[in-house]
>>> print(open('run22.cif').read())   # mmCIF, C-alpha atoms
data_final
#
loop_
_atom_site.label_atom_id
_atom_site.label_comp_id
_atom_site.auth_asym_id
_atom_site.auth_seq_id
_atom_site.Cartn_x
_atom_site.Cartn_y
_atom_site.Cartn_z
CA ASP A 31 -0.11 -26.81 2.13
CA THR A 32 1.18 -24.27 4.62
CA ALA A 33 -1.00 -21.21 4.44
CA VAL A 34 -3.50 -18.82 5.93
CA SER A 35 -6.98 -20.03 5.13
CA GLN A 36 -10.23 -18.13 5.54
CA THR A 37 -13.80 -19.32 5.40
CA PRO A 38 -16.13 -18.57 3.84
CA LYS A 39 -14.75 -17.05 0.66
CA TYR A 40 -18.02 -15.28 -0.08
CA LEU A 41 -20.74 -14.19 2.34
CA VAL A 42 -23.97 -12.46 1.37
CA THR A 43 -26.28 -11.49 4.20
CA GLN A 44 -29.00 -9.07 5.16
CA MET A 45 -28.64 -5.95 7.27
CA GLY A 46 -29.00 -6.60 10.95
CA ASN A 47 -27.72 -10.18 10.83
CA ASP A 48 -24.78 -11.51 12.82
CA LYS A 49 -22.03 -13.39 10.97
CA SER A 50 -18.59 -14.86 11.59
CA ILE A 51 -15.52 -15.27 9.44
CA LYS A 52 -12.94 -17.87 10.39
CA CYS A 53 -9.19 -17.79 9.90
CA GLU A 54 -6.60 -20.47 10.49
CA GLN A 55 -2.86 -20.50 9.89
CA ASN A 56 -0.62 -23.54 9.97
CA LEU A 57 2.62 -21.61 9.69
CA GLY A 58 3.32 -21.66 13.41
CA HIS A 59 3.19 -17.86 13.54
CA ASP A 60 2.57 -16.06 16.81
CA THR A 61 0.78 -12.99 15.45
CA MET A 62 -2.44 -12.75 13.46
CA TYR A 63 -4.31 -9.81 11.95
CA TRP A 64 -7.56 -8.76 10.35
CA TYR A 65 -7.57 -6.19 7.55
CA LYS A 66 -10.51 -4.63 5.73
CA GLN A 67 -10.38 -3.60 2.07
CA ASP A 68 -13.23 -1.34 1.09
CA SER A 69 -14.68 -0.58 -2.33
CA LYS A 70 -11.99 2.04 -2.94
CA LYS A 71 -9.40 -0.71 -2.41
CA PHE A 72 -7.84 0.82 0.70
CA LEU A 73 -6.43 -1.85 3.01
CA LYS A 74 -6.84 -0.95 6.68
CA ILE A 75 -5.74 -2.90 9.71
CA MET A 76 -8.51 -3.72 12.17
CA PHE A 77 -7.04 -6.00 14.82
CA SER A 78 -3.84 -7.77 15.75
CA TYR A 79 -3.42 -10.67 18.15
CA ASN A 80 -0.18 -12.05 19.50
CA ASN A 81 -0.40 -15.53 20.96
CA LYS A 82 -4.14 -15.10 21.69
CA GLU A 83 -3.72 -11.65 23.23
CA LEU A 84 -5.22 -8.50 21.61
CA ILE A 85 -2.42 -6.13 20.61
CA ILE A 86 -4.04 -3.69 18.18
CA ASN A 87 -7.62 -2.46 17.96
CA GLU A 88 -7.82 0.28 15.37
CA THR A 89 -10.98 2.07 16.55
CA VAL A 90 -13.18 -0.50 14.95
CA PRO A 91 -16.88 -0.38 15.98
CA ASN A 92 -17.58 -2.71 18.86
CA ARG A 93 -19.97 -4.64 16.63
CA PHE A 94 -16.77 -6.30 15.45
CA SER A 95 -15.37 -8.78 17.94
CA PRO A 96 -12.29 -10.85 17.19
CA LYS A 97 -11.78 -14.11 19.01
CA SER A 98 -8.60 -16.15 19.19
CA PRO A 99 -9.16 -19.59 20.74
CA ASP A 100 -5.51 -20.48 20.12
CA LYS A 101 -2.61 -18.88 18.33
CA ALA A 102 -3.43 -20.66 15.08
CA HIS A 103 -6.95 -19.24 14.84
CA LEU A 104 -8.37 -15.73 14.72
CA ASN A 105 -12.06 -15.45 14.01
CA LEU A 106 -14.04 -12.29 13.37
CA HIS A 107 -17.62 -11.99 14.55
CA ILE A 108 -19.75 -9.10 13.34
CA ASN A 109 -23.03 -8.15 15.00
CA SER A 110 -25.87 -6.15 13.49
CA LEU A 111 -24.35 -5.96 10.03
CA GLU A 112 -24.64 -2.66 8.17
CA LEU A 113 -24.38 -1.83 4.48
CA GLY A 114 -21.04 -0.12 5.13
CA ASP A 115 -19.56 -3.37 6.38
CA SER A 116 -19.54 -4.67 2.82
CA ALA A 117 -15.87 -5.20 1.96
CA VAL A 118 -13.23 -7.84 1.53
CA TYR A 119 -11.76 -8.97 4.85
CA PHE A 120 -8.25 -10.38 4.90
CA CYS A 121 -6.64 -12.39 7.63
CA ALA A 122 -2.86 -12.45 7.91
CA SER A 123 -0.15 -13.86 10.14
CA SER A 124 3.49 -13.14 10.84
CA GLN A 125 6.34 -14.37 12.95
CA PRO A 126 8.47 -11.72 14.61
CA PRO A 127 11.07 -10.41 14.26
CA GLY A 128 10.84 -8.59 11.01
CA ASN A 129 9.30 -11.15 8.73
CA GLY A 130 6.66 -10.30 6.19
CA TYR A 131 2.99 -11.02 6.61
CA THR A 132 1.29 -13.97 4.95
CA PHE A 133 -2.24 -13.09 3.89
CA GLY A 134 -5.25 -15.28 3.30
CA SER A 135 -7.22 -15.07 0.08
CA GLY A 136 -9.95 -12.93 1.62
CA THR A 137 -13.63 -13.11 2.46
CA ARG A 138 -15.91 -10.95 0.34
CA LEU A 139 -18.77 -9.80 2.56
CA THR A 140 -21.82 -8.26 0.93
CA VAL A 141 -24.55 -6.81 3.12
CA VAL A 142 -27.87 -6.25 1.36
CA ASP B 98 -1.12 7.46 7.40
CA ALA B 99 1.25 5.91 4.89
CA LYS B 100 4.70 7.47 4.93
CA THR B 101 5.48 6.73 1.31
CA THR B 102 4.72 8.30 -2.06
CA GLN B 103 4.33 6.16 -5.17
CA PRO B 104 3.12 6.91 -8.69
CA PRO B 105 -0.49 5.79 -9.08
CA SER B 106 0.19 3.69 -12.16
CA MET B 107 2.94 2.47 -14.47
CA ASP B 108 3.22 0.43 -17.64
CA CYS B 109 5.96 -2.01 -18.52
CA ALA B 110 6.46 -4.23 -21.57
CA GLU B 111 6.50 -7.95 -20.99
CA GLY B 112 10.04 -9.28 -20.69
CA ARG B 113 11.50 -5.92 -19.70
CA ALA B 114 12.57 -4.88 -16.24
CA ALA B 115 9.90 -3.10 -14.23
CA ASN B 116 11.32 -0.38 -11.98
CA LEU B 117 8.87 0.86 -9.35
CA PRO B 118 9.94 3.98 -7.42
CA CYS B 119 9.01 4.92 -3.88
CA ASN B 120 9.74 8.08 -1.92
CA HIS B 121 10.03 7.90 1.85
CA SER B 122 11.81 11.12 2.73
CA THR B 123 10.77 11.04 6.41
CA ILE B 124 12.00 7.50 7.06
CA SER B 125 13.53 6.99 10.50
CA GLY B 126 16.79 5.20 11.16
CA ASN B 127 15.08 2.11 12.54
CA GLU B 128 12.43 1.81 9.83
CA TYR B 129 12.64 -0.82 7.13
CA VAL B 130 11.35 -0.58 3.59
CA TYR B 131 8.90 -3.36 2.70
CA TRP B 132 7.27 -4.16 -0.61
CA TYR B 133 4.05 -6.10 -1.09
CA ARG B 134 1.86 -6.65 -4.09
CA GLN B 135 -1.79 -7.49 -4.56
CA ILE B 136 -2.86 -9.33 -7.65
CA HIS B 137 -6.50 -8.78 -8.50
CA SER B 138 -8.89 -10.38 -5.99
CA GLN B 139 -6.08 -12.03 -4.03
CA GLY B 140 -4.53 -11.29 -0.66
CA PRO B 141 -1.42 -9.10 -0.55
CA GLN B 142 1.84 -10.95 -1.08
CA TYR B 143 5.13 -10.13 0.60
CA ILE B 144 7.93 -9.44 -1.90
CA ILE B 145 11.04 -8.15 -0.18
CA HIS B 146 12.32 -5.82 2.52
CA GLY B 147 15.52 -4.01 3.45
CA LEU B 148 17.08 -1.49 5.81
CA LYS B 149 20.11 0.05 4.13
CA ASN B 150 21.68 -2.41 1.77
CA ASN B 151 20.32 -3.53 -1.54
CA GLU B 152 18.49 -6.82 -1.35
CA THR B 153 17.66 -9.52 -3.88
CA ASN B 154 15.53 -12.61 -3.73
CA GLU B 155 13.85 -14.91 -6.23
CA MET B 156 11.07 -12.41 -6.87
CA ALA B 157 12.75 -9.03 -7.07
CA SER B 158 15.56 -6.67 -6.16
CA LEU B 159 15.32 -3.72 -3.81
CA ILE B 160 17.60 -0.74 -4.31
CA ILE B 161 17.69 1.77 -1.44
CA THR B 162 19.46 5.10 -1.92
CA GLU B 163 22.31 5.95 0.37
CA ASP B 164 20.29 8.61 2.19
CA ARG B 165 17.41 6.08 2.45
CA LYS B 166 14.90 8.67 1.27
CA SER B 167 13.82 6.63 -1.71
CA SER B 168 13.94 3.12 -3.07
CA THR B 169 13.21 1.17 -6.24
CA LEU B 170 11.71 -2.26 -6.59
CA ILE B 171 12.98 -4.05 -9.67
CA LEU B 172 11.20 -6.98 -11.31
CA PRO B 173 13.95 -8.11 -13.69
CA HIS B 174 11.85 -9.78 -16.38
CA ALA B 175 8.24 -8.77 -16.01
CA THR B 176 5.53 -11.20 -17.07
CA LEU B 177 1.79 -10.73 -17.45
CA ARG B 178 1.36 -12.38 -14.07
CA ASP B 179 3.20 -9.46 -12.46
CA THR B 180 0.27 -7.16 -13.21
CA ALA B 181 -0.78 -6.02 -9.73
CA VAL B 182 -0.87 -3.16 -7.26
CA TYR B 183 2.53 -2.75 -5.61
CA TYR B 184 2.77 -1.26 -2.14
CA CYS B 185 5.86 0.34 -0.65
CA ILE B 186 5.70 0.47 3.15
CA VAL B 187 8.07 1.77 5.79
CA ARG B 188 7.81 0.41 9.28
CA VAL B 189 9.73 -0.38 12.40
CA VAL B 190 10.32 -4.10 12.71
CA ASP B 191 7.19 -5.80 14.03
CA ASP B 192 5.08 -2.66 13.92
CA LYS B 193 1.75 -2.88 12.09
CA ILE B 194 1.72 -2.58 8.32
CA ILE B 195 -0.08 0.48 7.00
CA PHE B 196 -0.88 0.27 3.32
CA GLY B 197 -0.99 3.35 1.10
CA LYS B 198 -2.52 3.59 -2.35
CA GLY B 199 0.31 1.78 -4.11
CA THR B 200 1.26 1.69 -7.78
CA ARG B 201 -0.91 -0.15 -10.26
CA LEU B 202 1.55 -1.88 -12.59
CA HIS B 203 0.30 -2.95 -16.00
CA ILE B 204 2.44 -5.41 -17.91
CA LEU B 205 1.82 -4.99 -21.62
CA PRO B 206 2.07 -7.97 -23.97
#
>>> encode(input="run22.cif", output="structure tokens")
Amino acid sequence: DTAVSQTPKYLVTQMGNDKSIKCEQNLGHDTMYWYKQDSKKFLKIMFSYNNKELIINETVPNRFSPKSPDKAHLNLHINSLELGDSAVYFCASSQPPGNGYTFGSGTRLTVV
Amino acid sequence: DAKTTQPPSMDCAEGRAANLPCNHSTISGNEYVYWYRQIHSQGPQYIIHGLKNNETNEMASLIITEDRKSSTLILPHATLRDTAVYYCIVRVVDDKIIFGKGTRLHILP
């Protein structure tokens, strides 16, 4: 199936740990994104990559480091996890010009 | 900040048309109107977008007023599976998507 897939779907971890979330798209899109949806359900863009190059960094703490080994993958590594990092993280991709985004099904991160 | 205003919630009877309004009075000439929805616990889903003309696809219709200051998303025959939060977004082509609070649509059996 053509899609944006994220792993893991659920992640429970302790404060201070380092964790990664992986995202892969097989749609052939050039641009990929990470969004965060907090407990109040607001969706906020974090990063955008175009063909492995960082395009958008929305003042996200530098504990968050995206990595794009190729244009089909955009992983998110988080250092020194904090309680406030608990949220659902969505990966998305798009193909310019003007097309809509395709979102993954999300990774629910819980920091305890 | 989102540039759109939507009602926080709406109800619609199953089988009827759901008409979701959106105000975007400060829209610029090169900004498109996009609609997405998010069904509970899933990733947002693209529905439709348009610039000036009305648009229709297999999911919905988009009606944009002549002055482009408002639009309406129409789900012609709403089903229970259409219960979701619907987001109206204005953006320049290929600019980032900024989500607002959206409209929570409840389809009533």
>>> resolve_selection(input="run22.cif", expression="the PyMOL selection byres ((chain A and resi 54-66) around 7)", output="VMD selection string")
chain A and resid 32 to 36 52 to 53 67 to 68 73 to 81 101 to 104 117 to 125
>>> resolve_selection(input="run22.cif", expression="the PyMOL selection byres ((chain A) within 8 of (chain B))", output="PyMOL selection string")
chain A and resi 72-75+120+126-136
>>> residues_near_point(input="run22.cif", point="(3.7, 3.3, -13.0)", cutoff="7 Å", atoms="all atoms listed in the file", output="list in words")
Pro104, Pro105, Ser106, Met107, Asp108, Leu117, Thr200, Arg201 and Leu202 of chain B
>>> residues_around(input="run22.cif", residues="Arg113 (chain B)", least_positions_apart="5", cutoff="10 Å", atoms="only C-alpha atoms", output="PyMOL selection string")
chain B and resi 172-176+204-205
>>> resolve_selection(input="run22.cif", expression="the PyMOL selection byres ((chain B and resi 100) around 9)", output="compact mmCIF listing (two decimals) with C-alpha atoms, in the frame of the given file")
# COMPACT_ATOMS: atom_id res chain seq x y z
CA ASP B 98 -1.12 7.46 7.40
CA ALA B 99 1.25 5.91 4.89
CA THR B 101 5.48 6.73 1.31
CA THR B 102 4.72 8.30 -2.06
CA ASN B 120 9.74 8.08 -1.92
CA HIS B 121 10.03 7.90 1.85
CA SER B 122 11.81 11.12 2.73
CA THR B 123 10.77 11.04 6.41
CA ILE B 124 12.00 7.50 7.06
CA ILE B 186 5.70 0.47 3.15
CA VAL B 187 8.07 1.77 5.79
CA ARG B 188 7.81 0.41 9.28
CA ILE B 195 -0.08 0.48 7.00
CA GLY B 197 -0.99 3.35 1.10
>>> closest_residue(input="run22.cif", among="B:Glu155, B:Gln103, B:His203, B:Val130", to="Ala181 (chain B)", atoms="all atoms listed in the file")
B:His203
>>> residues_around(input="run22.cif", residues="Ser158 (chain B)", least_positions_apart="5", cutoff="6 Å", atoms="only C-alpha atoms", output="MDAnalysis selection string")
chainID B and resid 152:153 170:171
>>> atom_distance(input="run22.cif", atom1="CA of Leu113 (chain A)", atom2="CA of Val141 (chain A)")
5.2 Å
>>> atom_distance(input="run22.cif", atom1="CA of Ile161 (chain B)", atom2="CA of Val182 (chain B)")
20.1 Å
>>> atom_distance(input="run22.cif", atom1="CA of Asn47 (chain A)", atom2="CA of Gly114 (chain A)")
13.4 Å
>>> build_atoms(input="run22.cif", residues="region 51-77 of chain A", atoms="N, CA and C atoms", output="short mmCIF file (atom, residue, chain, number, x, y, z; two decimals), in the frame of the given file")
data_model
loop_
_atom_site.label_atom_id
_atom_site.label_comp_id
_atom_site.auth_asym_id
_atom_site.auth_seq_id
_atom_site.Cartn_x
_atom_site.Cartn_y
_atom_site.Cartn_z
N ILE A 51 -16.50 -14.85 10.42
CA ILE A 51 -15.52 -15.27 9.44
C ILE A 51 -14.40 -15.96 10.21
N LYS A 52 -13.96 -17.10 9.69
CA LYS A 52 -12.94 -17.87 10.39
C LYS A 52 -11.60 -17.77 9.68
N CYS A 53 -10.54 -17.81 10.45
CA CYS A 53 -9.19 -17.79 9.90
C CYS A 53 -8.31 -18.75 10.66
N GLU A 54 -7.53 -19.51 9.89
CA GLU A 54 -6.60 -20.47 10.49
C GLU A 54 -5.27 -20.39 9.77
N GLN A 55 -4.19 -20.44 10.51
CA GLN A 55 -2.86 -20.50 9.89
C GLN A 55 -2.09 -21.68 10.46
N ASN A 56 -1.42 -22.38 9.55
CA ASN A 56 -0.62 -23.54 9.97
C ASN A 56 0.87 -23.29 9.78
N LEU A 57 1.23 -22.01 9.87
CA LEU A 57 2.62 -21.61 9.69
C LEU A 57 3.38 -21.55 11.00
N GLY A 58 2.68 -21.75 12.10
CA GLY A 58 3.32 -21.66 13.41
C GLY A 58 3.61 -20.23 13.85
N HIS A 59 2.96 -19.26 13.20
CA HIS A 59 3.19 -17.86 13.54
C HIS A 59 2.52 -17.48 14.86
N ASP A 60 3.12 -16.50 15.54
CA ASP A 60 2.57 -16.06 16.81
C ASP A 60 1.55 -14.93 16.67
N THR A 61 1.60 -14.19 15.58
CA THR A 61 0.78 -12.99 15.45
C THR A 61 -0.17 -13.12 14.28
N MET A 62 -1.42 -12.72 14.50
CA MET A 62 -2.44 -12.75 13.46
C MET A 62 -3.16 -11.42 13.39
N TYR A 63 -3.73 -11.13 12.21
CA TYR A 63 -4.31 -9.81 11.95
C TYR A 63 -5.60 -9.96 11.16
N TRP A 64 -6.46 -8.94 11.27
CA TRP A 64 -7.56 -8.76 10.35
C TRP A 64 -7.41 -7.40 9.69
N TYR A 65 -7.56 -7.40 8.35
CA TYR A 65 -7.57 -6.19 7.55
C TYR A 65 -8.89 -6.11 6.80
N LYS A 66 -9.30 -4.87 6.52
CA LYS A 66 -10.51 -4.63 5.73
C LYS A 66 -10.12 -3.86 4.48
N GLN A 67 -10.61 -4.31 3.32
CA GLN A 67 -10.38 -3.60 2.07
C GLN A 67 -11.72 -3.16 1.52
N ASP A 68 -11.93 -1.86 1.50
CA ASP A 68 -13.23 -1.34 1.09
C ASP A 68 -13.33 -1.23 -0.43
N SER A 69 -14.42 -0.65 -0.89
CA SER A 69 -14.68 -0.58 -2.33
C SER A 69 -13.67 0.29 -3.06
N LYS A 70 -13.02 1.20 -2.33
CA LYS A 70 -11.99 2.04 -2.94
C LYS A 70 -10.63 1.36 -2.89
N LYS A 71 -10.60 0.15 -2.43
CA LYS A 71 -9.40 -0.71 -2.41
C LYS A 71 -8.37 -0.33 -1.35
N PHE A 72 -8.77 0.53 -0.38
CA PHE A 72 -7.84 0.82 0.70
C PHE A 72 -7.82 -0.33 1.69
N LEU A 73 -6.62 -0.78 2.03
CA LEU A 73 -6.43 -1.85 3.01
C LEU A 73 -6.16 -1.22 4.37
N LYS A 74 -7.01 -1.54 5.35
CA LYS A 74 -6.84 -0.95 6.68
C LYS A 74 -6.78 -2.05 7.73
N ILE A 75 -5.83 -1.92 8.63
CA ILE A 75 -5.74 -2.90 9.71
C ILE A 75 -6.89 -2.68 10.69
N MET A 76 -7.42 -3.79 11.18
CA MET A 76 -8.51 -3.72 12.17
C MET A 76 -8.01 -4.19 13.53
N PHE A 77 -7.47 -5.39 13.56
CA PHE A 77 -7.04 -6.00 14.82
C PHE A 77 -5.73 -6.75 14.62
#
